[in-house]
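A.B. asks: Have a peek at upload36.cif (mmCIF, C-alpha atoms).
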```cif
data_upload
loop_
_atom_site.label_atom_id
_atom_site.label_comp_id
_atom_site.auth_asym_id
_atom_site.auth_seq_id
_atom_site.Cartn_x
_atom_site.Cartn_y
_atom_site.Cartn_z
CA MET A 1 -10.10 -20.75 -4.33
CA ARG A 2 -8.10 -23.20 -2.20
CA ARG A 3 -4.83 -21.74 -3.48
CA PHE A 4 -6.00 -18.24 -2.49
CA ALA A 5 -7.01 -19.48 0.97
CA VAL A 6 -3.57 -21.05 1.47
CA LEU A 7 -1.94 -17.75 0.45
CA ALA A 8 -4.08 -15.78 2.90
CA VAL A 9 -3.30 -18.18 5.76
CA THR A 10 0.41 -18.00 4.92
CA LEU A 11 0.36 -14.20 5.09
CA LEU A 12 -1.37 -14.25 8.45
CA LEU A 13 1.09 -16.81 9.79
CA LEU A 14 4.02 -14.66 8.70
CA VAL A 15 2.54 -11.66 10.48
CA SER A 16 2.04 -13.82 13.57
CA MET A 17 5.69 -14.97 13.42
CA VAL A 18 6.81 -11.36 13.41
CA CYS A 19 4.50 -9.96 16.04
CA GLY A 20 3.54 -12.94 18.17
CA VAL A 21 -0.11 -11.91 18.26
CA ALA A 22 -1.70 -9.49 15.80
CA LEU A 23 -2.99 -7.28 18.61
CA ALA A 24 -0.47 -8.25 21.22
CA GLY A 25 -0.64 -7.05 24.80
CA ASP A 26 2.52 -6.07 26.66
CA GLU A 27 2.91 -9.63 27.96
CA ASP A 28 3.29 -10.91 24.37
CA LEU A 29 6.00 -8.46 23.34
CA PRO A 30 9.71 -9.35 23.24
CA VAL A 31 11.80 -7.67 25.91
CA PRO A 32 15.08 -6.07 24.71
CA LYS A 33 18.07 -7.95 26.13
CA ARG A 34 19.90 -4.64 26.44
CA ARG A 35 19.21 -1.04 25.49
CA TYR A 36 19.16 -0.80 21.69
CA ARG A 37 19.58 2.27 19.53
CA ILE A 38 17.30 2.02 16.48
CA GLY A 39 17.39 4.45 13.57
CA PHE A 40 14.52 5.03 11.14
CA SER A 41 14.79 6.78 7.77
CA ASN A 42 11.46 7.86 6.26
CA GLY A 43 11.15 8.83 2.58
CA GLU A 44 8.32 11.35 2.53
CA MET A 45 5.24 12.67 4.37
CA SER A 46 3.01 14.06 1.63
CA ASN A 47 -0.39 12.74 2.76
CA PRO A 48 -2.37 11.49 5.78
CA TRP A 49 -1.24 7.91 5.17
CA ARG A 50 2.40 8.86 5.64
CA TRP A 51 1.62 10.84 8.79
CA ALA A 52 -0.24 7.84 10.24
CA PHE A 53 2.69 5.62 9.25
CA VAL A 54 5.28 7.83 10.97
CA ASP A 55 3.02 8.25 14.02
CA SER A 56 2.70 4.47 14.29
CA MET A 57 6.48 4.07 14.25
CA GLN A 58 6.86 6.73 16.95
CA GLN A 59 4.11 5.27 19.13
CA TRP A 60 5.73 1.84 19.16
CA ALA A 61 9.15 3.31 19.78
CA ASN A 62 7.67 5.17 22.75
CA LYS A 63 6.05 1.95 23.98
CA TYR A 64 9.40 0.16 24.02
CA ARG A 65 11.00 2.83 26.16
CA ASN A 66 9.15 1.25 29.10
CA ILE A 67 9.78 -2.41 28.24
CA GLY A 68 12.88 -3.92 29.87
CA PRO A 69 16.05 -1.90 29.19
CA GLY A 70 14.08 -0.02 26.53
CA ILE A 71 15.28 1.44 23.24
CA GLU A 72 16.61 4.73 21.95
CA TYR A 73 14.85 5.79 18.74
CA VAL A 74 15.97 8.43 16.27
CA TRP A 75 14.35 9.14 12.92
CA THR A 76 14.71 11.36 9.87
CA ASN A 77 12.43 12.45 7.03
CA ALA A 78 13.79 12.95 3.50
CA GLY A 79 10.94 15.09 2.18
CA ASN A 80 10.52 13.09 -1.05
CA ASP A 81 14.22 13.55 -1.89
CA SER A 82 16.03 10.24 -2.50
CA ALA A 83 19.48 11.83 -2.46
CA LYS A 84 18.74 13.37 0.93
CA GLN A 85 17.47 10.03 2.21
CA LEU A 86 20.78 8.39 1.37
CA MET A 87 22.55 11.11 3.37
CA ASP A 88 20.05 10.60 6.20
CA CYS A 89 20.90 6.89 6.26
CA GLU A 90 24.61 7.66 6.24
CA ASN A 91 24.15 10.02 9.21
CA LEU A 92 22.08 7.49 11.15
CA LEU A 93 24.70 4.78 10.59
CA ALA A 94 27.41 7.17 11.77
CA MET A 95 25.52 7.56 15.07
CA GLY A 96 26.37 3.98 16.03
CA ILE A 97 22.85 2.59 15.78
CA ASP A 98 22.24 -1.12 16.39
CA LEU A 99 19.71 -1.48 13.57
CA LEU A 100 18.46 0.66 10.67
CA ILE A 101 14.85 0.71 9.49
CA VAL A 102 14.18 2.34 6.12
CA SER A 103 11.00 3.23 4.25
CA PRO A 104 12.58 4.15 0.90
CA ASN A 105 11.33 7.07 -1.14
CA GLN A 106 12.28 5.20 -4.33
CA ASP A 107 13.61 1.69 -4.79
CA GLU A 108 16.56 2.01 -7.19
CA PRO A 109 18.07 5.25 -5.82
CA LEU A 110 17.89 3.86 -2.27
CA ASP A 111 19.22 0.39 -3.08
CA PRO A 112 22.82 1.45 -2.14
CA VAL A 113 21.67 1.68 1.49
CA ILE A 114 22.14 -2.11 1.58
CA ASP A 115 25.87 -1.66 0.90
CA MET A 116 26.08 1.23 3.36
CA ALA A 117 24.49 -0.81 6.15
CA THR A 118 26.62 -3.84 5.30
CA ALA A 119 29.82 -1.79 5.39
CA ALA A 120 28.80 -0.49 8.83
CA ASN A 121 27.84 -4.04 9.93
CA VAL A 122 24.38 -2.77 10.88
CA PRO A 123 21.30 -4.94 10.20
CA LEU A 124 18.76 -3.37 7.84
CA ILE A 125 14.98 -3.79 7.81
CA VAL A 126 12.94 -2.21 5.00
CA VAL A 127 9.28 -1.45 5.73
CA ASP A 128 6.28 -0.48 3.62
CA ARG A 129 8.24 -0.23 0.37
CA SER A 130 11.02 -2.34 -1.14
CA LEU A 131 14.49 -2.04 -2.66
CA ILE A 132 15.73 -3.58 -5.91
CA ARG A 133 17.64 -6.34 -4.14
CA LYS A 134 15.93 -8.72 -1.75
CA PRO A 135 16.65 -9.53 1.91
CA GLY A 136 19.62 -11.84 2.39
CA VAL A 137 22.10 -9.53 0.68
CA GLY A 138 24.72 -8.29 3.14
CA THR A 139 23.10 -7.19 6.39
CA TYR A 140 19.68 -6.67 4.75
CA VAL A 141 17.66 -9.02 6.96
CA ALA A 142 13.95 -8.38 6.33
CA ASN A 143 11.37 -6.61 4.19
CA ILE A 144 7.96 -6.00 5.78
CA THR A 145 5.55 -4.72 3.19
CA GLN A 146 2.30 -5.37 1.42
CA ASN A 147 1.84 -6.87 -2.02
CA TYR A 148 1.26 -3.74 -4.08
CA ALA A 149 0.98 -5.83 -7.25
CA LEU A 150 -2.06 -7.47 -5.67
CA SER A 151 -3.38 -3.99 -4.83
CA GLY A 152 -3.28 -3.15 -8.53
CA ALA A 153 -4.85 -6.50 -9.45
CA TYR A 154 -7.75 -5.81 -7.06
CA GLN A 155 -8.35 -2.46 -8.74
CA ALA A 156 -8.20 -4.08 -12.18
CA VAL A 157 -10.82 -6.74 -11.44
CA TYR A 158 -13.21 -4.17 -9.95
CA ALA A 159 -12.73 -2.03 -13.04
CA LEU A 160 -13.41 -4.99 -15.32
CA GLU A 161 -16.58 -6.00 -13.50
CA TRP A 162 -17.88 -2.43 -13.52
CA LEU A 163 -17.27 -2.15 -17.27
CA LYS A 164 -18.98 -5.49 -17.90
CA ALA A 165 -21.98 -4.42 -15.83
CA ARG A 166 -22.23 -1.20 -17.86
CA TYR A 167 -21.55 -2.48 -21.38
CA GLY A 168 -22.27 -6.20 -21.13
CA GLU A 169 -18.67 -6.99 -22.03
CA TYR A 170 -15.15 -6.11 -20.98
CA LYS A 171 -14.56 -2.85 -22.79
CA GLY A 172 -14.07 0.80 -21.86
CA ASN A 173 -11.63 3.60 -21.10
CA ILE A 174 -9.65 4.14 -17.91
CA VAL A 175 -7.51 7.07 -16.82
CA GLU A 176 -4.85 6.47 -14.19
CA ILE A 177 -3.29 8.68 -11.52
CA GLN A 178 -0.03 7.05 -10.42
CA GLY A 179 1.80 7.66 -7.14
CA ILE A 180 5.50 8.57 -7.03
CA ILE A 181 7.05 7.16 -10.18
CA GLY A 182 10.16 5.19 -9.27
CA SER A 183 8.83 4.11 -5.86
CA SER A 184 8.31 0.37 -5.45
CA PRO A 185 4.58 0.64 -4.56
CA THR A 186 3.89 2.62 -7.74
CA THR A 187 5.86 0.22 -9.94
CA ASP A 188 4.22 -2.84 -8.38
CA GLU A 189 0.69 -1.44 -8.56
CA TYR A 190 1.30 -0.43 -12.18
CA VAL A 191 2.36 -4.00 -13.02
CA GLY A 192 -0.53 -5.53 -11.06
CA ILE A 193 -3.12 -3.48 -12.94
CA ARG A 194 -1.67 -4.28 -16.35
CA SER A 195 -1.02 -7.96 -15.62
CA ILE A 196 -4.80 -8.37 -15.41
CA LEU A 197 -5.94 -5.85 -18.03
CA LYS A 198 -3.56 -7.12 -20.72
CA HIS A 199 -5.91 -10.09 -21.13
CA TYR A 200 -8.81 -7.77 -21.97
CA PRO A 201 -7.61 -5.76 -24.99
CA ASP A 202 -10.85 -3.78 -25.35
CA VAL A 203 -10.19 -2.17 -21.97
CA LYS A 204 -7.84 0.76 -22.54
CA ILE A 205 -5.79 2.93 -20.21
CA ILE A 206 -6.09 6.07 -22.31
CA ALA A 207 -3.98 8.35 -20.09
CA THR A 208 -1.67 8.02 -17.10
CA ALA A 209 0.21 10.62 -15.03
CA GLU A 210 2.02 11.04 -11.71
CA GLY A 211 -0.04 12.39 -8.81
CA GLY A 212 2.67 12.08 -6.15
CA TYR A 213 0.33 10.35 -3.67
CA SER A 214 -1.10 13.75 -2.70
CA GLN A 215 -4.57 15.27 -2.86
CA VAL A 216 -3.22 18.33 -4.67
CA GLY A 217 -1.45 16.08 -7.17
CA GLY A 218 -4.59 14.05 -7.77
CA ARG A 219 -6.60 17.18 -8.41
CA LYS A 220 -4.06 18.64 -10.86
CA VAL A 221 -3.81 15.42 -12.87
CA MET A 222 -7.59 15.02 -12.98
CA GLU A 223 -8.02 18.61 -14.12
CA ASP A 224 -5.75 17.83 -17.07
CA PHE A 225 -7.65 14.63 -17.88
CA LEU A 226 -10.97 16.48 -17.83
CA GLN A 227 -9.64 19.04 -20.29
CA ARG A 228 -8.36 16.30 -22.61
CA PHE A 229 -11.39 14.02 -22.47
CA GLY A 230 -15.01 15.07 -22.69
CA PRO A 231 -18.15 13.47 -21.23
CA GLY A 232 -18.46 9.83 -22.24
CA GLU A 233 -14.75 9.39 -23.00
CA ILE A 234 -13.72 8.37 -19.46
CA ASP A 235 -15.37 5.39 -17.81
CA LEU A 236 -13.23 4.93 -14.69
CA VAL A 237 -10.50 6.70 -12.72
CA ILE A 238 -7.87 4.50 -11.02
CA CYS A 239 -5.92 6.34 -8.32
CA TYR A 240 -2.87 4.95 -6.56
CA ASN A 241 -4.10 6.20 -3.20
CA ASP A 242 -7.21 7.69 -1.62
CA ALA A 243 -5.69 11.16 -1.24
CA GLU A 244 -5.36 11.34 -5.03
CA ALA A 245 -8.91 10.01 -5.36
CA LEU A 246 -10.20 12.80 -3.12
CA GLY A 247 -8.29 15.33 -5.23
CA ALA A 248 -9.83 13.82 -8.37
CA ILE A 249 -13.29 14.25 -6.82
CA GLU A 250 -12.51 17.93 -6.18
CA ALA A 251 -11.55 18.42 -9.83
CA ILE A 252 -14.62 16.55 -11.07
CA GLU A 253 -16.94 18.60 -8.86
CA ALA A 254 -15.33 21.87 -9.96
CA ALA A 255 -15.71 20.89 -13.63
CA GLY A 256 -19.33 19.84 -13.20
CA ARG A 257 -18.57 16.37 -14.56
CA THR A 258 -20.96 14.65 -12.17
CA GLU A 259 -21.22 11.53 -14.33
CA LEU A 260 -17.81 10.53 -12.94
CA LEU A 261 -19.17 10.64 -9.40
CA GLU A 262 -21.51 7.72 -10.04
CA GLY A 263 -19.23 5.17 -8.41
CA ARG A 264 -16.40 5.36 -10.93
CA ILE A 265 -13.33 6.22 -8.83
CA LEU A 266 -10.98 3.58 -7.44
CA GLY A 267 -8.50 4.22 -4.65
CA LYS A 268 -6.12 2.55 -2.22
CA ASP A 269 -5.43 3.21 1.48
CA GLN A 270 -8.78 2.86 3.32
CA MET A 271 -8.83 6.56 4.28
CA VAL A 272 -11.99 7.20 6.27
CA THR A 273 -12.94 10.17 4.09
CA PHE A 274 -12.80 8.07 0.92
CA VAL A 275 -14.62 5.11 2.49
CA GLU A 276 -17.35 7.66 3.24
CA GLU A 277 -17.40 8.45 -0.49
CA LEU A 278 -17.95 4.73 -1.16
CA LEU A 279 -20.83 4.74 1.29
CA LYS A 280 -22.33 7.70 -0.59
CA GLY A 281 -21.97 5.78 -3.86
CA ARG A 282 -19.48 8.27 -5.34
CA GLY A 283 -16.47 5.91 -5.36
CA LEU A 284 -16.17 2.34 -6.62
CA MET A 285 -13.66 0.73 -4.23
CA THR A 286 -10.52 1.08 -2.18
CA THR A 287 -8.03 -1.61 -1.26
CA GLU A 288 -6.10 -1.81 1.97
CA CYS A 289 -2.71 -0.22 2.39
CA PRO A 290 -2.18 -0.33 6.15
CA PRO A 291 0.01 2.48 7.54
CA TYR A 292 0.26 0.96 11.01
CA TYR A 293 3.70 -0.61 10.59
CA GLY A 294 5.05 0.43 13.98
CA MET A 295 4.10 -2.79 15.74
CA TYR A 296 5.54 -4.95 12.95
CA ALA A 297 8.73 -2.94 12.39
CA ILE A 298 9.81 -2.19 15.96
CA THR A 299 8.87 -5.63 17.30
CA THR A 300 10.72 -7.35 14.45
CA ALA A 301 13.79 -5.19 15.14
CA ILE A 302 13.76 -6.17 18.83
CA ARG A 303 13.35 -9.86 18.02
CA TYR A 304 16.25 -9.77 15.56
CA LEU A 305 18.55 -7.89 17.94
CA ASN A 306 17.63 -10.41 20.66
CA GLY A 307 18.99 -13.16 18.41
CA GLU A 308 15.69 -14.63 17.22
CA GLU A 309 15.09 -15.80 13.66
CA ILE A 310 12.70 -13.63 11.63
CA PRO A 311 11.09 -14.14 8.20
CA LYS A 312 12.92 -12.41 5.36
CA MET A 313 9.70 -11.38 3.58
CA VAL A 314 6.40 -10.50 5.23
CA TYR A 315 3.33 -9.43 3.23
CA LEU A 316 0.44 -8.01 5.22
CA PRO A 317 -3.09 -9.31 4.53
CA LEU A 318 -5.33 -6.91 2.59
CA ARG A 319 -9.04 -6.05 2.73
CA ASN A 320 -11.19 -4.38 0.08
CA TRP A 321 -13.99 -1.89 0.72
CA GLU A 322 -16.54 -1.50 -2.09
CA ASN A 323 -19.50 0.69 -3.02
CA PRO A 324 -22.47 -1.04 -1.35
CA HIS A 325 -24.89 0.60 -3.82
CA GLY A 326 -23.02 -0.21 -7.05
CA PRO A 327 -23.24 -3.07 -9.55
CA VAL A 328 -19.97 -4.73 -8.48
CA HIS A 329 -19.94 -7.06 -5.49
CA LEU A 330 -16.74 -9.11 -5.14
CA VAL A 331 -16.27 -9.51 -1.37
CA PRO A 332 -17.90 -12.44 0.46
CA ALA A 333 -19.84 -10.20 2.87
CA ASP A 334 -23.52 -9.60 2.17
CA ASN A 335 -23.66 -6.71 4.65
CA VAL A 336 -21.12 -4.36 3.04
CA GLU A 337 -22.98 -1.17 3.98
CA GLU A 338 -23.11 -2.25 7.63
CA ILE A 339 -19.38 -3.04 7.65
CA LEU A 340 -18.49 0.31 6.06
CA LYS A 341 -20.53 2.19 8.66
CA LYS A 342 -18.97 0.17 11.48
CA HIS A 343 -15.43 0.75 10.20
CA ILE A 344 -15.97 4.47 9.70
CA LYS A 345 -17.27 4.78 13.27
CA PHE A 346 -14.45 2.61 14.64
CA ALA A 347 -11.81 4.88 13.10
CA LYS A 348 -13.57 8.15 13.93
CA ASP A 349 -14.09 7.15 17.57
CA ARG A 350 -10.32 6.74 17.81
CA LYS A 351 -9.58 9.88 15.78
CA LEU A 352 -7.80 7.84 13.08
CA ALA A 353 -7.54 9.00 9.48
CA LEU A 354 -7.44 5.41 8.19
CA ILE A 355 -9.26 2.24 9.17
CA PRO A 356 -6.89 0.13 11.32
CA PRO A 357 -6.43 -3.67 11.36
CA GLU A 358 -8.26 -3.79 14.70
CA ALA A 359 -11.53 -3.02 12.88
CA GLY A 360 -11.54 -6.64 11.68
CA ASP A 361 -13.66 -8.25 8.93
CA PHE A 362 -10.67 -9.61 7.00
CA GLU A 363 -12.50 -12.70 5.77
CA ALA A 364 -15.60 -10.69 4.89
CA LEU A 365 -13.63 -8.19 2.77
CA THR A 366 -11.11 -10.47 1.05
CA VAL A 367 -11.50 -10.78 -2.73
CA ASP A 368 -10.57 -14.04 -4.50
CA LEU A 369 -8.33 -13.20 -7.45
CA THR A 370 -7.45 -16.73 -8.52
CA ARG A 371 -10.15 -17.03 -11.20
CA TRP A 372 -8.92 -14.00 -13.10
CA LYS A 373 -6.69 -14.16 -16.14
CA GLY A 374 -3.37 -12.63 -15.16
CA TYR A 375 -3.39 -13.77 -11.53
CA GLU A 376 -0.47 -16.14 -12.12
CA ASP A 377 1.43 -13.29 -13.79
CA VAL A 378 0.90 -11.13 -10.69
CA MET A 379 2.20 -13.88 -8.41
CA GLU A 380 5.21 -14.52 -10.65
CA TYR A 381 6.09 -10.82 -10.56
CA THR A 382 5.68 -10.88 -6.77
CA LYS A 383 8.32 -13.61 -6.55
CA THR A 384 10.81 -12.10 -9.00
CA ARG A 385 9.98 -8.38 -9.27
CA ILE A 386 11.26 -8.65 -12.84
CA PHE A 387 9.32 -6.14 -14.92
CA PRO A 388 7.23 -8.09 -17.48
CA ASN A 389 8.02 -7.47 -21.12
CA ASP A 390 4.45 -8.02 -22.28
CA ILE A 391 2.85 -4.91 -20.79
CA THR A 392 3.15 -1.45 -22.29
CA ASP A 393 1.18 1.77 -22.16
CA LEU A 394 -1.26 2.78 -23.14
CA GLN A 395 -3.06 -0.20 -24.64
CA ASN A 396 -1.74 -2.76 -22.12
CA VAL A 397 -0.53 -5.13 -24.87
CA LYS A 398 2.56 -5.58 -27.05
#
```
Here is the file; what I need is its structure written in the form of structure tokens.
C.D. replies:
Amino acid sequence: MRRFAVLAVTLLLLVSMVCGVALAGDEDLPVPKRRYRIGFSNGEMSNPWRWAFVDSMQQWANKYRNIGPGIEYVWTNAGNDSAKQLMDCENLLAMGIDLLIVSPNQDEPLDPVIDMATAANVPLIVVDRSLIRKPGVGTYVANITQNYALSGAYQAVYALEWLKARYGEYKGNIVEIQGIIGSSPTTDEYVGIRSILKHYPDVKIIATAEGGYSQVGGRKVMEDFLQRFGPGEIDLVICYNDAEALGAIEAIEAAGRTELLEGRILGKDQMVTFVEELLKGRGLMTTECPPYYGMYAITTAIRYLNGEEIPKMVYLPLRNWENPHGPVHLVPADNVEEILKKHIKFAKDRKLALIPPEAGDFEALTVDLTRWKGYEDVMEYTKTRIFPNDITDLQNVK
């Protein structure tokens, strides 16, 4: 438990180093020493999370137009096309930008952007997702992201506890709707899930498919799963984001498979509409995947261009929202239903599709993973990002 607490404090300190204060007022923000031109290359915009992410970047770019000399901000969207994103980055670098921010569509195809930025002598910051190589190579100065392997580990432990509550032991069948295969969040979440489940060989991932992080994709994949597996053959549905989870719910409702709406669907993103499904008891849990990177990314860029030192790696702290009516209770809070209602109202009052960091309750919604078999494997992967050789589909073991 102490080790987990130290990790959580470290994450919060790193965020504070980047942003000064988590909810900084104008007086806490760095002032550009001159007018900077900042370019941003976005990978895709296939769901509400990505729209909120891009909006956050734009809002903070707009904010900096009125701080000191201000900044000039130009951005591109690759439309889920990694080849196009490389061309977008090339075009942005050709514009004479002072710094390039990239949210890569996929990690390996976009890794050459490090060499492109280095050749142009332009500092590079990667946000939300990651590349194959780590910061410190060439002009690649920082990666601001979340620990998606931990996201998968959170989903795995909730799945395990639900299965134990149902069967009295760790056994059962899971189907999985992945995000964009080849993107770093999908790879990391995939590893995080299996790093935990590999220690419980009677828990099987009986099918997995790509949902593309979209509601339509989630529905299509779930429709296929429902055709392949009859009632009683699927215990849980792990989705790599809440949009896919909502699509899975649509497919389940259309097929009349209401047994799967008894708190059996796991998501990621804290979308208000899926947190409402948790409150209704139709979902099991969702783990945080904050889209509000604008403050972190733009402020870090300004600090770096001003000559300040910045951390090379920043992982954002994560909360977990769970079904308050279900058999699994892993967060410290004993008023989960109250928190869910408060967070839903907080986001709706501000017309936000996802629950923002400002809603609070980090300590109340933080799950301790340290007691679980596989936790050390997750942390080792986080440090190295070397794909483990002891996890395979579909049985999670050699």
A.B. asks: So that I can see what lies close to Trp75 of chain A, please list as a ChimeraX atom specification the residues with an atom at most 7 Å from it, counting only C-alpha atoms and leaving out residues fewer than 4 positions away in the same chain.
C.D. replies: /A:39-41
A.B. asks: Between atom CA of Leu29 of chain A and atom CA of Glu72 of chain A, measure the distance and give it in Å to one decimal.
C.D. replies: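 We find that atom CA of Leu29 of chain A and atom CA of Glu72 of chain A lie 17.0 Å from each other.
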A.B. asks: Enumerate, as number ranges by chain, the residues matched when the PyMOL selection byres ((chain A and resi 248) around 12) is run on the file above.
C.D. replies: A: 175-177, 211, 213-226, 236-247, 249-255, 257-258, 260-261, 264-267, 274, 282-283
A.B. asks: Name the residues captured by the PyMOL selection byres ((chain A and resi 367-373) around 12) when it is applied to the shown file; answer as a ChimeraX atom specification.
C.D. replies: /A:1-8,149-158,160-161,192-200,285-288,317-322,328-333,362-366,374-379
A.B. asks: Between atom CA of Pro290 of chain A and atom CA of Leu99 of chain A, measure the distance and give it in Å to one decimal.
C.D. replies: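 Distance between the two atoms: 23.1 Å.
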A.B. asks: Given the file above and the PyMOL selection byres ((chain A and resi 339-351) around 8), which residues are selected, and can you give them as a PyMOL selection string?
C.D. replies: chain A and resi 272+275-276+279+321+335-338+352-356+359+361
A.B. asks: Go ahead and write the residues just picked, C-alpha atoms, as an mmCIF file, keeping the file's coordinate frame.
C.D. replies:
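Written out: result-v6.cif:
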```cif
data_model
loop_
_atom_site.group_PDB
_atom_site.id
_atom_site.type_symbol
_atom_site.label_atom_id
_atom_site.label_comp_id
_atom_site.auth_asym_id
_atom_site.auth_seq_id
_atom_site.Cartn_x
_atom_site.Cartn_y
_atom_site.Cartn_z
ATOM 1 C CA VAL A 272 -11.990 7.200 6.270
ATOM 2 C CA VAL A 275 -14.620 5.110 2.490
ATOM 3 C CA GLU A 276 -17.350 7.660 3.240
ATOM 4 C CA LEU A 279 -20.830 4.740 1.290
ATOM 5 C CA TRP A 321 -13.990 -1.890 0.720
ATOM 6 C CA ASN A 335 -23.660 -6.710 4.650
ATOM 7 C CA VAL A 336 -21.120 -4.360 3.040
ATOM 8 C CA GLU A 337 -22.980 -1.170 3.980
ATOM 9 C CA GLU A 338 -23.110 -2.250 7.630
ATOM 10 C CA LEU A 352 -7.800 7.840 13.080
ATOM 11 C CA ALA A 353 -7.540 9.000 9.480
ATOM 12 C CA LEU A 354 -7.440 5.410 8.190
ATOM 13 C CA ILE A 355 -9.260 2.240 9.170
ATOM 14 C CA PRO A 356 -6.890 0.130 11.320
ATOM 15 C CA ALA A 359 -11.530 -3.020 12.880
ATOM 16 C CA ASP A 361 -13.660 -8.250 8.930
#
```
A.B. asks: To one decimal place in Å, what is the distance between atom CA of Gln85 of chain A and atom CA of Gly43 of chain A?
C.D. replies: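 Spanning atom CA of Gln85 of chain A to atom CA of Gly43 of chain A is a straight-line distance of 6.4 Å.
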A.B. asks: Using only C-alpha atoms, can you tell me which of A:Pro201, A:Gly256, A:Pro48, A:Pro69 comes closest to Val31 of chain A?
C.D. replies: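 Using only C-alpha atoms, the shortest distance to Val31 of chain A belongs to A:Pro69.
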A.B. asks: Restricting the calculation to only C-alpha atoms, which member of A:Val113, A:Val191, A:Ile310, A:Ile298 is positioned closest to Gln59 of chain A?
C.D. replies: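 Among the listed residues, A:Ile298 lies closest to Gln59 of chain A.
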A.B. asks: Do you know which residues are at most 8 Å from His325 of chain A counting only C-alpha atoms, after dropping those on the same chain fewer than 2 positions away, and could you put them as a list in words?
C.D. replies: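 Within the cut-off, the hits are Leu279, Gly281, Asn323 and Pro327 of chain A.
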A.B. asks: Measuring atom to atom with only C-alpha atoms, identify which of A:Asp269, A:Asp188, A:Glu108, A:Asp28 is nearest to Ala52 of chain A.
C.D. replies: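 For Ala52 of chain A, the nearest of the candidates is A:Asp269.
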A.B. asks: Considering only C-alpha atoms, state which residue in the set A:Ile114, A:Cys289, A:Val203, A:Leu305 is at the smallest distance from Lys134 of chain A.
C.D. replies: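 Answer, going by the shortest atom-to-atom distance: A:Ile114.
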A.B. asks: For Ile302 of chain A, which residue among A:Ser130, A:Ile125, A:Asp81, A:Ala207 is the nearest when counting only C-alpha atoms?
C.D. replies: A:Ile125
A.B. asks: Write out as an NGL selection string which residues come within 12 Å of Ile38 of chain A when counting only C-alpha atoms, dropping same-chain ones fewer than 2 positions away.
C.D. replies: :A and (32 or 35-36 or 40-41 or 57-58 or 60-62 or 64-65 or 70-76 or 89 or 92-93 or 95-102 or 122-125 or 297-302 or 304-305)
A.B. asks: Please export segment 286-298 of chain A as an mmCIF file, in the first residue's frame, restricted to N, CA and C atoms.
C.D. replies:
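File written: decode11.cif
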```cif
data_model
loop_
_atom_site.group_PDB
_atom_site.id
_atom_site.type_symbol
_atom_site.label_atom_id
_atom_site.label_comp_id
_atom_site.auth_asym_id
_atom_site.auth_seq_id
_atom_site.Cartn_x
_atom_site.Cartn_y
_atom_site.Cartn_z
ATOM 1 N N THR A 286 -15.495 2.047 -15.058
ATOM 2 C CA THR A 286 -14.703 2.740 -16.065
ATOM 3 C C THR A 286 -13.518 3.361 -15.362
ATOM 4 N N THR A 287 -12.381 3.401 -16.042
ATOM 5 C CA THR A 287 -11.184 3.992 -15.468
ATOM 6 C C THR A 287 -10.834 5.267 -16.231
ATOM 7 N N GLU A 288 -10.191 6.169 -15.552
ATOM 8 C CA GLU A 288 -9.966 7.501 -16.096
ATOM 9 C C GLU A 288 -9.011 7.494 -17.285
ATOM 10 N N CYS A 289 -9.356 8.297 -18.253
ATOM 11 C CA CYS A 289 -8.489 8.556 -19.396
ATOM 12 C C CYS A 289 -8.715 10.022 -19.754
ATOM 13 N N PRO A 290 -8.097 10.935 -19.010
ATOM 14 C CA PRO A 290 -8.443 12.345 -19.130
ATOM 15 C C PRO A 290 -8.095 12.936 -20.488
ATOM 16 N N PRO A 291 -9.049 13.576 -21.172
ATOM 17 C CA PRO A 291 -8.762 14.183 -22.472
ATOM 18 C C PRO A 291 -8.256 15.614 -22.370
ATOM 19 N N TYR A 292 -8.250 16.165 -21.152
ATOM 20 C CA TYR A 292 -7.981 17.595 -21.003
ATOM 21 C C TYR A 292 -6.478 17.852 -20.892
ATOM 22 N N TYR A 293 -5.783 17.605 -22.000
ATOM 23 C CA TYR A 293 -4.327 17.726 -22.048
ATOM 24 C C TYR A 293 -3.859 19.135 -22.388
ATOM 25 N N GLY A 294 -4.764 20.013 -22.767
ATOM 26 C CA GLY A 294 -4.363 21.335 -23.231
ATOM 27 C C GLY A 294 -3.504 22.086 -22.231
ATOM 28 N N MET A 295 -3.941 22.096 -20.973
ATOM 29 C CA MET A 295 -3.191 22.794 -19.931
ATOM 30 C C MET A 295 -1.782 22.222 -19.811
ATOM 31 N N TYR A 296 -1.691 20.874 -19.757
ATOM 32 C CA TYR A 296 -0.391 20.238 -19.584
ATOM 33 C C TYR A 296 0.506 20.479 -20.801
ATOM 34 N N ALA A 297 -0.044 20.256 -21.998
ATOM 35 C CA ALA A 297 0.769 20.304 -23.211
ATOM 36 C C ALA A 297 1.249 21.716 -23.534
ATOM 37 N N ILE A 298 0.320 22.665 -23.580
ATOM 38 C CA ILE A 298 0.690 24.028 -23.978
ATOM 39 C C ILE A 298 1.583 24.679 -22.926
#
```
